[in-house]
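What's in run_20.cif: mmCIF, C-alpha atoms (C1' of nucleotides)
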data_run
#
loop_
_atom_site.label_atom_id
_atom_site.label_comp_id
_atom_site.auth_asym_id
_atom_site.auth_seq_id
_atom_site.Cartn_x
_atom_site.Cartn_y
_atom_site.Cartn_z
CA MET A 1094 -24.86 247.78 -36.84
CA SER A 1095 -25.22 245.12 -39.54
CA GLU A 1096 -22.44 242.79 -40.52
CA PRO A 1097 -21.55 243.31 -44.13
CA PHE A 1098 -19.23 240.33 -44.18
CA GLY A 1099 -21.10 238.60 -46.97
CA GLN A 1100 -21.33 241.62 -49.25
CA TYR A 1101 -17.68 242.40 -48.72
CA LEU A 1102 -16.65 238.83 -49.45
CA ARG A 1103 -18.65 238.71 -52.64
CA GLN A 1104 -17.28 242.00 -53.87
CA LYS A 1105 -13.71 241.02 -53.12
CA ARG A 1106 -14.08 237.59 -54.73
CA GLU A 1107 -15.74 238.96 -57.85
CA THR A 1108 -13.06 241.59 -58.26
CA LEU A 1109 -10.39 238.91 -58.20
CA LEU A 1110 -12.51 236.75 -60.50
CA LYS A 1111 -12.26 239.33 -63.26
CA GLN A 1112 -8.56 238.63 -63.48
CA ASP A 1113 -8.39 235.03 -62.37
CA ARG A 1114 -10.78 232.16 -63.04
CA ALA A 1115 -9.70 230.53 -59.76
CA TYR A 1116 -12.19 232.77 -57.96
CA THR A 1117 -15.51 231.30 -59.01
CA VAL A 1118 -17.69 230.26 -56.10
CA ARG A 1119 -16.81 226.63 -56.73
CA LYS A 1120 -13.06 227.03 -57.07
CA PHE A 1121 -12.84 229.46 -54.20
CA ALA A 1122 -14.84 227.09 -52.01
CA ALA A 1123 -12.54 224.22 -52.93
CA THR A 1124 -9.43 226.25 -52.11
CA VAL A 1125 -10.85 227.40 -48.79
CA GLY A 1126 -12.04 223.90 -48.03
CA VAL A 1127 -15.81 224.25 -47.81
CA GLN A 1128 -18.81 223.53 -50.04
CA PRO A 1129 -19.75 225.96 -52.83
CA SER A 1130 -23.29 226.21 -51.54
CA TYR A 1131 -21.92 227.40 -48.24
CA ILE A 1132 -19.93 230.22 -49.85
CA SER A 1133 -23.05 231.18 -51.75
CA LYS A 1134 -25.12 231.35 -48.60
CA VAL A 1135 -22.49 233.31 -46.71
CA GLU A 1136 -22.15 235.87 -49.52
CA ARG A 1137 -25.89 236.39 -49.71
CA GLU A 1138 -25.99 236.54 -45.92
CA GLU A 1139 -28.46 233.72 -45.78
CA VAL A 1140 -26.29 232.50 -42.90
CA GLY A 1141 -23.89 234.26 -40.58
CA PRO A 1142 -20.14 234.56 -41.12
CA PRO A 1143 -17.98 231.42 -40.89
CA SER A 1144 -15.80 230.39 -37.97
CA GLU A 1145 -12.56 232.17 -37.21
CA ALA A 1146 -10.46 229.40 -38.78
CA THR A 1147 -12.44 229.50 -42.02
CA ILE A 1148 -12.29 233.29 -42.20
CA ILE A 1149 -8.53 233.18 -41.81
CA ARG A 1150 -8.23 230.69 -44.68
CA MET A 1151 -10.45 232.97 -46.76
CA ALA A 1152 -8.22 235.94 -45.97
CA GLU A 1153 -5.18 234.03 -47.17
CA VAL A 1154 -6.85 233.04 -50.42
CA LEU A 1155 -8.09 236.60 -51.00
CA HIS A 1156 -4.77 238.20 -49.98
CA GLU A 1157 -6.67 240.17 -47.36
CA ASP A 1158 -5.71 241.25 -43.87
CA PRO A 1159 -7.25 238.60 -41.60
CA ASP A 1160 -7.90 241.12 -38.82
CA VAL A 1161 -10.01 243.19 -41.19
CA LEU A 1162 -12.01 240.23 -42.43
CA LEU A 1163 -12.50 238.99 -38.88
CA ALA A 1164 -13.64 242.45 -37.84
CA LEU A 1165 -16.30 242.46 -40.56
CA ALA A 1166 -17.52 239.24 -39.00
CA GLY A 1167 -17.59 240.83 -35.55
CA LYS A 1168 -14.70 238.73 -34.29
CA VAL A 1169 -11.35 239.48 -32.69
CA SER A 1170 -8.61 237.03 -33.56
CA ALA A 1171 -7.61 234.54 -30.89
CA ASP A 1172 -4.02 235.74 -30.57
CA LEU A 1173 -5.16 239.30 -29.84
CA ARG A 1174 -7.66 238.00 -27.34
CA GLN A 1175 -4.91 236.11 -25.53
CA VAL A 1176 -2.84 239.25 -25.16
CA ILE A 1177 -5.76 241.13 -23.63
CA LEU A 1178 -6.81 238.27 -21.37
CA LYS A 1179 -3.42 238.01 -19.73
CA ARG A 1180 -3.63 241.57 -18.41
CA PRO A 1181 -7.31 242.46 -18.63
CA ARG A 1182 -7.28 245.53 -16.42
CA LEU A 1183 -4.38 247.22 -18.16
CA PHE A 1184 -5.59 246.50 -21.65
CA ALA A 1185 -9.19 247.33 -20.85
CA ASP A 1186 -8.10 250.71 -19.52
CA LEU A 1187 -5.83 251.33 -22.45
CA ILE A 1188 -8.38 250.42 -25.10
CA ARG A 1189 -11.15 252.46 -23.50
CA GLN A 1190 -8.72 255.33 -23.21
CA LEU A 1191 -7.95 255.08 -26.91
CA LYS A 1192 -11.54 254.67 -27.97
CA ASP A 1193 -11.94 258.21 -29.28
CA ALA A 1194 -8.32 258.98 -30.01
CA PRO A 1195 -7.71 259.97 -33.62
CA ASP A 1196 -5.92 257.56 -35.92
CA HIS A 1197 -2.71 259.55 -35.95
CA ALA A 1198 -2.54 259.38 -32.18
CA LEU A 1199 -2.81 255.59 -32.28
CA LEU A 1200 -0.15 255.45 -34.94
CA ARG A 1201 2.09 257.59 -32.81
CA VAL A 1202 1.70 255.21 -29.88
CA VAL A 1203 2.42 252.23 -32.12
CA ARG A 1204 5.60 253.89 -33.37
CA GLU A 1205 6.69 254.99 -29.94
CA VAL A 1206 6.36 251.47 -28.67
CA ARG A 1207 8.07 249.96 -31.69
CA ASP A 1208 11.02 252.28 -31.44
CA GLY A 1209 10.87 251.35 -27.79
CA GLN A 1210 12.37 253.80 -25.37
CA TRP A 1211 11.32 251.84 -22.31
CA MET B 1153 -4.21 227.03 -20.31
CA SER B 1154 -7.17 225.96 -18.14
CA GLU B 1155 -9.92 228.36 -17.19
CA PRO B 1156 -10.08 228.72 -13.45
CA PHE B 1157 -13.31 230.70 -13.59
CA GLY B 1158 -15.19 228.24 -11.42
CA GLN B 1159 -12.56 227.99 -8.72
CA TYR B 1160 -12.20 231.73 -8.61
CA LEU B 1161 -15.94 232.26 -8.36
CA ARG B 1162 -16.28 229.78 -5.54
CA GLN B 1163 -13.42 231.28 -3.58
CA LYS B 1164 -14.74 234.79 -3.99
CA ARG B 1165 -18.29 233.82 -3.08
CA GLU B 1166 -17.21 231.84 -0.02
CA THR B 1167 -15.05 234.69 1.20
CA LEU B 1168 -18.01 237.03 1.06
CA LEU B 1169 -20.22 234.36 2.64
CA LYS B 1170 -18.14 234.43 5.81
CA GLN B 1171 -19.36 237.97 6.43
CA ASP B 1172 -22.72 237.92 4.74
CA ARG B 1173 -25.31 235.15 4.54
CA ALA B 1174 -26.54 236.58 1.22
CA TYR B 1175 -23.75 234.67 -0.49
CA THR B 1176 -24.93 231.11 -0.13
CA VAL B 1177 -25.22 229.29 -3.46
CA ARG B 1178 -28.99 229.70 -3.38
CA LYS B 1179 -29.11 233.37 -2.46
CA PHE B 1180 -26.32 234.27 -4.81
CA ALA B 1181 -28.04 232.41 -7.64
CA ALA B 1182 -31.30 234.21 -6.94
CA THR B 1183 -29.59 237.60 -6.95
CA VAL B 1184 -27.78 236.86 -10.18
CA GLY B 1185 -30.94 235.41 -11.67
CA VAL B 1186 -30.05 231.77 -12.32
CA GLN B 1187 -30.72 228.41 -10.72
CA PRO B 1188 -28.64 227.31 -7.70
CA SER B 1189 -27.74 224.07 -9.40
CA TYR B 1190 -26.23 226.06 -12.22
CA ILE B 1191 -23.98 228.04 -9.88
CA SER B 1192 -22.92 224.79 -8.28
CA LYS B 1193 -21.99 223.28 -11.62
CA VAL B 1194 -20.14 226.37 -12.76
CA GLU B 1195 -18.12 226.53 -9.55
CA ARG B 1196 -17.15 222.89 -9.77
CA GLU B 1197 -16.39 223.39 -13.46
CA GLU B 1198 -18.80 220.70 -14.43
CA VAL B 1199 -19.84 223.14 -17.15
CA GLY B 1200 -18.09 226.07 -18.78
CA PRO B 1201 -18.37 229.68 -17.68
CA PRO B 1202 -21.69 231.54 -18.13
CA SER B 1203 -22.54 234.03 -20.84
CA GLU B 1204 -21.09 237.51 -20.85
CA ALA B 1205 -24.32 239.03 -19.51
CA THR B 1206 -24.46 236.58 -16.61
CA ILE B 1207 -20.80 237.09 -15.76
CA ILE B 1208 -21.33 240.84 -15.65
CA ARG B 1209 -24.24 240.43 -13.24
CA MET B 1210 -22.04 238.16 -11.12
CA ALA B 1211 -19.30 240.77 -11.09
CA GLU B 1212 -21.74 243.37 -9.81
CA VAL B 1213 -22.98 241.12 -7.05
CA LEU B 1214 -19.44 240.18 -6.07
CA HIS B 1215 -18.12 243.76 -6.31
CA GLU B 1216 -15.56 242.52 -8.81
CA ASP B 1217 -14.06 244.10 -11.90
CA PRO B 1218 -16.13 242.67 -14.77
CA ASP B 1219 -13.14 242.72 -17.14
CA VAL B 1220 -11.21 240.49 -14.78
CA LEU B 1221 -14.05 238.05 -14.31
CA LEU B 1222 -14.67 237.97 -18.07
CA ALA B 1223 -10.98 237.37 -18.66
CA LEU B 1224 -11.02 234.34 -16.37
CA ALA B 1225 -13.81 233.04 -18.60
CA GLY B 1226 -11.73 233.69 -21.71
CA LYS B 1227 -13.99 236.50 -22.89
CA VAL B 1228 -13.42 240.11 -23.88
CA SER B 1229 -16.30 242.43 -23.04
CA ALA B 1230 -18.48 243.59 -25.91
CA ASP B 1231 -17.69 247.28 -25.53
CA LEU B 1232 -13.96 246.63 -25.83
CA ARG B 1233 -14.58 244.43 -28.84
CA GLN B 1234 -16.51 247.24 -30.54
CA VAL B 1235 -13.62 249.62 -30.10
CA ILE B 1236 -11.21 247.18 -31.72
CA LEU B 1237 -13.59 246.22 -34.52
CA LYS B 1238 -14.02 249.78 -35.68
CA ARG B 1239 -10.32 250.14 -36.44
CA PRO B 1240 -9.04 246.57 -36.60
CA ARG B 1241 -5.73 247.25 -38.29
CA LEU B 1242 -4.64 249.98 -35.91
CA PHE B 1243 -5.70 248.17 -32.78
CA ALA B 1244 -4.34 244.83 -33.95
CA ASP B 1245 -0.95 246.43 -34.56
CA LEU B 1246 -1.04 248.27 -31.27
CA ILE B 1247 -2.00 245.26 -29.19
CA ARG B 1248 0.56 242.98 -30.83
CA GLN B 1249 3.15 245.67 -30.30
CA LEU B 1250 2.29 245.83 -26.61
CA LYS B 1251 2.17 242.08 -26.14
CA ASP B 1252 5.52 241.84 -24.39
CA ALA B 1253 5.74 245.36 -23.05
CA PRO B 1254 6.14 245.46 -19.27
CA ASP B 1255 3.25 246.64 -17.14
CA HIS B 1256 4.85 249.97 -16.32
CA ALA B 1257 5.17 250.73 -20.03
CA LEU B 1258 1.45 250.08 -20.55
CA LEU B 1259 0.64 252.28 -17.60
CA ARG B 1260 2.78 255.02 -19.04
CA VAL B 1261 0.90 254.87 -22.32
CA VAL B 1262 -2.43 254.95 -20.51
CA ARG B 1263 -1.35 258.02 -18.57
CA GLU B 1264 0.11 259.74 -21.59
CA VAL B 1265 -3.15 259.30 -23.46
CA ARG B 1266 -5.26 260.38 -20.49
CA ASP B 1267 -3.25 263.53 -19.92
CA GLY B 1268 -3.60 263.87 -23.67
CA GLN B 1269 -0.97 265.95 -25.35
CA TRP B 1270 -2.30 265.14 -28.81
"C1'" DC C 1334 -27.68 220.79 -79.32
"C1'" DA C 1335 -25.84 218.70 -75.55
"C1'" DT C 1336 -22.27 219.10 -72.18
"C1'" DG C 1337 -20.02 221.40 -68.86
"C1'" DA C 1338 -19.39 225.01 -65.60
"C1'" DC C 1339 -21.80 228.40 -63.08
"C1'" DG C 1340 -24.43 229.93 -58.83
"C1'" DT C 1341 -28.14 228.51 -55.79
"C1'" DA C 1342 -32.21 226.05 -53.58
"C1'" DT C 1343 -33.29 222.58 -50.29
"C1'" DA C 1344 -32.85 219.46 -46.67
"C1'" DC C 1345 -30.32 217.72 -43.16
"C1'" DT C 1346 -26.67 217.15 -39.34
"C1'" DG C 1347 -23.49 217.06 -35.29
"C1'" DT C 1348 -21.81 220.12 -31.65
"C1'" DT C 1349 -21.78 223.80 -28.50
"C1'" DT C 1350 -23.91 227.21 -25.59
"C1'" DA C 1351 -26.33 228.39 -21.80
"C1'" DG C 1352 -28.89 227.30 -19.20
"C1'" DT C 1353 -33.90 225.04 -16.44
"C1'" DA C 1354 -36.54 221.95 -13.33
"C1'" DT C 1355 -36.80 218.70 -9.99
"C1'" DA C 1356 -35.28 215.78 -6.56
"C1'" DC C 1357 -32.15 214.36 -3.19
"C1'" DA C 1358 -28.90 213.64 0.98
"C1'" DG C 1359 -26.60 215.92 4.90
"C1'" DC C 1360 -26.58 218.92 8.68
"C1'" DC C 1361 -28.28 222.02 12.42
"C1'" DA C 1362 -31.28 224.04 15.51
"C1'" DT C 1363 -35.54 223.85 17.91
"C1'" DA D 616 -37.04 213.92 15.48
"C1'" DT D 617 -38.51 217.23 12.34
"C1'" DG D 618 -38.48 221.46 9.56
"C1'" DG D 619 -35.64 224.13 7.13
"C1'" DC D 620 -31.57 225.40 4.89
"C1'" DT D 621 -27.24 223.70 2.67
"C1'" DG D 622 -25.02 222.23 -1.74
"C1'" DT D 623 -25.45 218.86 -5.48
"C1'" DA D 624 -27.02 215.00 -8.65
"C1'" DT D 625 -29.74 214.04 -12.58
"C1'" DA D 626 -32.26 214.69 -16.62
"C1'" DC D 627 -33.63 217.54 -19.93
"C1'" DT D 628 -33.93 221.55 -23.52
"C1'" DA D 629 -34.20 225.45 -26.92
"C1'" DA D 630 -31.43 228.03 -29.79
"C1'" DA D 631 -27.29 229.06 -32.19
"C1'" DC D 632 -23.20 227.61 -34.73
"C1'" DA D 633 -20.89 225.82 -38.60
"C1'" DG D 634 -21.31 223.71 -41.73
"C1'" DT D 635 -22.46 219.08 -45.53
"C1'" DA D 636 -24.68 216.69 -49.44
"C1'" DT D 637 -27.39 216.67 -53.23
"C1'" DA D 638 -30.13 218.38 -56.78
"C1'" DC D 639 -31.64 222.01 -59.69
"C1'" DG D 640 -32.11 225.57 -63.48
"C1'" DT D 641 -29.39 228.61 -66.48
"C1'" DC D 642 -26.08 229.92 -69.63
"C1'" DA D 643 -22.27 229.78 -72.98
"C1'" DT D 644 -19.72 227.27 -76.29
"C1'" DG D 645 -17.63 224.12 -78.98
#

Spell out the structure here as structure tokens.
Amino acid sequence: MSEPFGQYLRQKRETLLKQDRAYTVRKFAATVGVQPSYISKVEREEVGPPSEATIIRMAEVLHEDPDVLLALAGKVSADLRQVILKRPRLFADLIRQLKDAPDHALLRVVREVRDGQW
Amino acid sequence: MSEPFGQYLRQKRETLLKQDRAYTVRKFAATVGVQPSYISKVEREEVGPPSEATIIRMAEVLHEDPDVLLALAGKVSADLRQVILKRPRLFADLIRQLKDAPDHALLRVVREVRDGQW
DNA sequence: CATGACGTATACTGTTTAGTATACAGCCAT
DNA sequence: ATGGCTGTATACTAAACAGTATACGTCATG
């Protein structure tokens, strides 16, 4: 149940670094808007994952899906939370119901709703 | 966008108090396992809502749905979070898709999944 | 061979979270 | 008129969160 946020971040950043010098710890930190030492500590998991806002800026810079990066940090993005909090009973039921549903079932529901026949 | 957790708690507790003396601030606090002064402050919104664990104990004592009480505090319960975090992309899509769906549509999805024709 | 750029070690900080502990004033019944 | 129960005021706290600021040793290179 560990949080491999740091490892994942480092791997992703280093992969991009191979093709683009803008992804050194220092440059990446500057682009994200934090100190290089902080990036270093986060990647080595000397400290926990950053705040939601910082993770979202990181996702932009890394061209990553913010929901995925947030998930690695154990967080659910604020906009999703708002949706759930407005109708907690319905969404709680739904999510628990879907807990063990296979991926294709979820995808089917997503498509059904998108192509909305309500 | 305020958080009426305190108001709600007070109203609920006082309603129960009318029928059962176990719901004074002091007795309720003792049952939940916190100090009376803390309950008082929470109810008057002098401080923010309690931790998830404390809210869940409150919900038990009040015979309330914990998801609802947590929602009033702006929190999503840990078990729900885990479900989302395991498949962030799928659940993020799904939840955003369902954001503006009417209640009856959500209920339909819940039923469809429960009666599982996957 | 020194001058940058690199990642990291070290020390420190303000803010938020989630409460505790104690004391106090008002009321009500005996 | 006092003992006991109310709710609340006041002061304090330990731990976690989310970083900053600076200095250091290493390496490559021009």

*Give me the result of the PyMOL selection byres ((chain B) within 12 of (chain C)) on this file, residue by residue, as a PyMOL selection string.*
chain B and resi 1185-1191+1193-1194+1199-1207

Next, the residues of the selection above should be written as a short mmCIF file (atom, residue, chain, number, x, y, z; two decimals), in the coordinates of the input with C-alpha atoms.
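Result file selection_3.cif:
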data_model
loop_
_atom_site.label_atom_id
_atom_site.label_comp_id
_atom_site.auth_asym_id
_atom_site.auth_seq_id
_atom_site.Cartn_x
_atom_site.Cartn_y
_atom_site.Cartn_z
CA GLY B 1185 -30.94 235.41 -11.67
CA VAL B 1186 -30.05 231.77 -12.32
CA GLN B 1187 -30.72 228.41 -10.72
CA PRO B 1188 -28.64 227.31 -7.70
CA SER B 1189 -27.74 224.07 -9.40
CA TYR B 1190 -26.23 226.06 -12.22
CA ILE B 1191 -23.98 228.04 -9.88
CA LYS B 1193 -21.99 223.28 -11.62
CA VAL B 1194 -20.14 226.37 -12.76
CA VAL B 1199 -19.84 223.14 -17.15
CA GLY B 1200 -18.09 226.07 -18.78
CA PRO B 1201 -18.37 229.68 -17.68
CA PRO B 1202 -21.69 231.54 -18.13
CA SER B 1203 -22.54 234.03 -20.84
CA GLU B 1204 -21.09 237.51 -20.85
CA ALA B 1205 -24.32 239.03 -19.51
CA THR B 1206 -24.46 236.58 -16.61
CA ILE B 1207 -20.80 237.09 -15.76
#

*asked:* Could you tell me how far atom C1' of D:DA643 sits from atom CA of A:Asp1113, in Å to one decimal place?
replied: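 Value for the atom CA of A:Asp1113-atom C1' of D:DA643 distance: 18.2 Å.
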
*Please provide as a ChimeraX atom specification all residues within 12 Å of A:Ala1185, with the sequence filter that same-chain residues fewer than 5 positions apart are discarded (counting only C-alpha atoms (C1' of nucleotides)).*
/A:1174,1176-1180,1190-1192 /B:1217-1220,1222-1223,1228-1233,1235-1236,1247,1258-1259,1262

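Our summary of the geometry notes that atom CA of B:Thr1176 is positioned 17.1 Å from atom CA of B:Glu1216.
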
Fit result for chain A on chain B over all paired C-alpha atoms, given as a PDB file with C-alpha atoms, keeping the file's coordinate frame:
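Written output follows (selection07.pdb):
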ATOM      1  CA  MET A1094      -4.263 226.980 -20.364  1.00  0.00           C
ATOM      2  CA  SER A1095      -7.231 225.947 -18.215  1.00  0.00           C
ATOM      3  CA  GLU A1096     -10.001 228.299 -17.259  1.00  0.00           C
ATOM      4  CA  PRO A1097     -10.134 228.664 -13.525  1.00  0.00           C
ATOM      5  CA  PHE A1098     -13.348 230.645 -13.647  1.00  0.00           C
ATOM      6  CA  GLY A1099     -15.233 228.204 -11.465  1.00  0.00           C
ATOM      7  CA  GLN A1100     -12.580 227.920  -8.772  1.00  0.00           C
ATOM      8  CA  TYR A1101     -12.179 231.667  -8.659  1.00  0.00           C
ATOM      9  CA  LEU A1102     -15.916 232.216  -8.392  1.00  0.00           C
ATOM     10  CA  ARG A1103     -16.264 229.743  -5.572  1.00  0.00           C
ATOM     11  CA  GLN A1104     -13.384 231.221  -3.640  1.00  0.00           C
ATOM     12  CA  LYS A1105     -14.668 234.751  -4.042  1.00  0.00           C
ATOM     13  CA  ARG A1106     -18.228 233.801  -3.085  1.00  0.00           C
ATOM     14  CA  GLU A1107     -17.145 231.819  -0.041  1.00  0.00           C
ATOM     15  CA  THR A1108     -14.950 234.648   1.162  1.00  0.00           C
ATOM     16  CA  LEU A1109     -17.896 237.019   1.029  1.00  0.00           C
ATOM     17  CA  LEU A1110     -20.100 234.366   2.628  1.00  0.00           C
ATOM     18  CA  LYS A1111     -18.008 234.437   5.783  1.00  0.00           C
ATOM     19  CA  GLN A1112     -19.176 237.971   6.392  1.00  0.00           C
ATOM     20  CA  ASP A1113     -22.566 237.957   4.738  1.00  0.00           C
ATOM     21  CA  ARG A1114     -25.192 235.222   4.591  1.00  0.00           C
ATOM     22  CA  ALA A1115     -26.436 236.633   1.268  1.00  0.00           C
ATOM     23  CA  TYR A1116     -23.668 234.685  -0.464  1.00  0.00           C
ATOM     24  CA  THR A1117     -24.863 231.114  -0.139  1.00  0.00           C
ATOM     25  CA  VAL A1118     -25.188 229.321  -3.452  1.00  0.00           C
ATOM     26  CA  ARG A1119     -28.951 229.732  -3.314  1.00  0.00           C
ATOM     27  CA  LYS A1120     -29.064 233.405  -2.399  1.00  0.00           C
ATOM     28  CA  PHE A1121     -26.279 234.305  -4.772  1.00  0.00           C
ATOM     29  CA  ALA A1122     -28.038 232.446  -7.577  1.00  0.00           C
ATOM     30  CA  ALA A1123     -31.270 234.283  -6.834  1.00  0.00           C
ATOM     31  CA  THR A1124     -29.533 237.666  -6.872  1.00  0.00           C
ATOM     32  CA  VAL A1125     -27.740 236.898 -10.121  1.00  0.00           C
ATOM     33  CA  GLY A1126     -30.917 235.503 -11.603  1.00  0.00           C
ATOM     34  CA  VAL A1127     -30.084 231.866 -12.280  1.00  0.00           C
ATOM     35  CA  GLN A1128     -30.757 228.500 -10.634  1.00  0.00           C
ATOM     36  CA  PRO A1129     -28.672 227.381  -7.638  1.00  0.00           C
ATOM     37  CA  SER A1130     -27.806 224.126  -9.345  1.00  0.00           C
ATOM     38  CA  TYR A1131     -26.314 226.102 -12.183  1.00  0.00           C
ATOM     39  CA  ILE A1132     -24.027 228.085  -9.872  1.00  0.00           C
ATOM     40  CA  SER A1133     -22.988 224.817  -8.288  1.00  0.00           C
ATOM     41  CA  LYS A1134     -22.103 223.288 -11.621  1.00  0.00           C
ATOM     42  CA  VAL A1135     -20.218 226.359 -12.782  1.00  0.00           C
ATOM     43  CA  GLU A1136     -18.164 226.508  -9.569  1.00  0.00           C
ATOM     44  CA  ARG A1137     -17.228 222.853  -9.813  1.00  0.00           C
ATOM     45  CA  GLU A1138     -16.506 223.358 -13.504  1.00  0.00           C
ATOM     46  CA  GLU A1139     -18.953 220.675 -14.445  1.00  0.00           C
ATOM     47  CA  VAL A1140     -19.986 223.135 -17.160  1.00  0.00           C
ATOM     48  CA  GLY A1141     -18.205 226.027 -18.805  1.00  0.00           C
ATOM     49  CA  PRO A1142     -18.446 229.659 -17.712  1.00  0.00           C
ATOM     50  CA  PRO A1143     -21.756 231.510 -18.156  1.00  0.00           C
ATOM     51  CA  SER A1144     -22.598 234.005 -20.878  1.00  0.00           C
ATOM     52  CA  GLU A1145     -21.132 237.483 -20.880  1.00  0.00           C
ATOM     53  CA  ALA A1146     -24.338 239.032 -19.514  1.00  0.00           C
ATOM     54  CA  THR A1147     -24.481 236.592 -16.606  1.00  0.00           C
ATOM     55  CA  ILE A1148     -20.806 237.084 -15.785  1.00  0.00           C
ATOM     56  CA  ILE A1149     -21.312 240.829 -15.666  1.00  0.00           C
ATOM     57  CA  ARG A1150     -24.219 240.435 -13.232  1.00  0.00           C
ATOM     58  CA  MET A1151     -22.020 238.153 -11.130  1.00  0.00           C
ATOM     59  CA  ALA A1152     -19.259 240.759 -11.105  1.00  0.00           C
ATOM     60  CA  GLU A1153     -21.680 243.374  -9.829  1.00  0.00           C
ATOM     61  CA  VAL A1154     -22.932 241.131  -7.048  1.00  0.00           C
ATOM     62  CA  LEU A1155     -19.373 240.171  -6.066  1.00  0.00           C
ATOM     63  CA  HIS A1156     -18.055 243.750  -6.341  1.00  0.00           C
ATOM     64  CA  GLU A1157     -15.502 242.482  -8.837  1.00  0.00           C
ATOM     65  CA  ASP A1158     -14.040 244.073 -11.936  1.00  0.00           C
ATOM     66  CA  PRO A1159     -16.117 242.652 -14.802  1.00  0.00           C
ATOM     67  CA  ASP A1160     -13.152 242.692 -17.191  1.00  0.00           C
ATOM     68  CA  VAL A1161     -11.216 240.453 -14.826  1.00  0.00           C
ATOM     69  CA  LEU A1162     -14.063 238.004 -14.378  1.00  0.00           C
ATOM     70  CA  LEU A1163     -14.693 237.952 -18.117  1.00  0.00           C
ATOM     71  CA  ALA A1164     -11.005 237.332 -18.720  1.00  0.00           C
ATOM     72  CA  LEU A1165     -11.076 234.296 -16.428  1.00  0.00           C
ATOM     73  CA  ALA A1166     -13.856 233.023 -18.650  1.00  0.00           C
ATOM     74  CA  GLY A1167     -11.775 233.645 -21.768  1.00  0.00           C
ATOM     75  CA  LYS A1168     -14.000 236.476 -22.946  1.00  0.00           C
ATOM     76  CA  VAL A1169     -13.433 240.091 -23.924  1.00  0.00           C
ATOM     77  CA  SER A1170     -16.299 242.409 -23.100  1.00  0.00           C
ATOM     78  CA  ALA A1171     -18.468 243.562 -25.980  1.00  0.00           C
ATOM     79  CA  ASP A1172     -17.679 247.258 -25.600  1.00  0.00           C
ATOM     80  CA  LEU A1173     -13.938 246.600 -25.884  1.00  0.00           C
ATOM     81  CA  ARG A1174     -14.539 244.403 -28.884  1.00  0.00           C
ATOM     82  CA  GLN A1175     -16.459 247.202 -30.584  1.00  0.00           C
ATOM     83  CA  VAL A1176     -13.574 249.602 -30.143  1.00  0.00           C
ATOM     84  CA  ILE A1177     -11.147 247.154 -31.730  1.00  0.00           C
ATOM     85  CA  LEU A1178     -13.491 246.192 -34.553  1.00  0.00           C
ATOM     86  CA  LYS A1179     -13.915 249.753 -35.731  1.00  0.00           C
ATOM     87  CA  ARG A1180     -10.199 250.101 -36.462  1.00  0.00           C
ATOM     88  CA  PRO A1181      -8.912 246.537 -36.608  1.00  0.00           C
ATOM     89  CA  ARG A1182      -5.574 247.210 -38.256  1.00  0.00           C
ATOM     90  CA  LEU A1183      -4.526 249.957 -35.879  1.00  0.00           C
ATOM     91  CA  PHE A1184      -5.604 248.155 -32.756  1.00  0.00           C
ATOM     92  CA  ALA A1185      -4.233 244.822 -33.896  1.00  0.00           C
ATOM     93  CA  ASP A1186      -0.851 246.431 -34.488  1.00  0.00           C
ATOM     94  CA  LEU A1187      -0.953 248.269 -31.212  1.00  0.00           C
ATOM     95  CA  ILE A1188      -1.930 245.261 -29.125  1.00  0.00           C
ATOM     96  CA  ARG A1189       0.646 242.987 -30.733  1.00  0.00           C
ATOM     97  CA  GLN A1190       3.211 245.702 -30.209  1.00  0.00           C
ATOM     98  CA  LEU A1191       2.323 245.860 -26.530  1.00  0.00           C
ATOM     99  CA  LYS A1192       2.199 242.127 -26.057  1.00  0.00           C
ATOM    100  CA  ASP A1193       5.527 241.877 -24.249  1.00  0.00           C
ATOM    101  CA  ALA A1194       5.735 245.398 -22.911  1.00  0.00           C
ATOM    102  CA  PRO A1195       6.097 245.534 -19.138  1.00  0.00           C
ATOM    103  CA  ASP A1196       3.173 246.701 -17.042  1.00  0.00           C
ATOM    104  CA  HIS A1197       4.732 250.047 -16.243  1.00  0.00           C
ATOM    105  CA  ALA A1198       5.104 250.782 -19.929  1.00  0.00           C
ATOM    106  CA  LEU A1199       1.402 250.129 -20.493  1.00  0.00           C
ATOM    107  CA  LEU A1200       0.547 252.318 -17.552  1.00  0.00           C
ATOM    108  CA  ARG A1201       2.692 255.060 -18.971  1.00  0.00           C
ATOM    109  CA  VAL A1202       0.838 254.898 -22.278  1.00  0.00           C
ATOM    110  CA  VAL A1203      -2.506 254.966 -20.482  1.00  0.00           C
ATOM    111  CA  ARG A1204      -1.449 258.061 -18.550  1.00  0.00           C
ATOM    112  CA  GLU A1205       0.008 259.772 -21.569  1.00  0.00           C
ATOM    113  CA  VAL A1206      -3.218 259.300 -23.434  1.00  0.00           C
ATOM    114  CA  ARG A1207      -5.356 260.364 -20.498  1.00  0.00           C
ATOM    115  CA  ASP A1208      -3.400 263.530 -19.953  1.00  0.00           C
ATOM    116  CA  GLY A1209      -3.753 263.858 -23.692  1.00  0.00           C
ATOM    117  CA  GLN A1210      -1.171 265.948 -25.445  1.00  0.00           C
ATOM    118  CA  TRP A1211      -2.513 265.199 -28.902  1.00  0.00           C
TER     119      TRP A1211
END

*Using all atoms listed in the file, find the residues of chain D whose closest atom to chain B is at most 12 Å away, then write them as a list in words.*
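Those within range of chain B come out as DC620, DT621, DG622, DT623, DA624 and DT625 of chain D.
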
_Applying the PyMOL selection byres ((chain B and resi 1264) around 12) to the file I just gave you, which residues come out? Please list them as a list in words._
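With the PyMOL selection byres ((chain B and resi 1264) around 12) on this model, the match is Leu1187, Gln1190, Leu1191, Ala1194, Ala1198, Leu1199, Arg1201, Val1202 and Glu1205 of chain A; Ala1257, Leu1258, Leu1259, Arg1260, Val1261, Val1262, Arg1263, Val1265, Arg1266, Asp1267, Gly1268, Gln1269 and Trp1270 of chain B.
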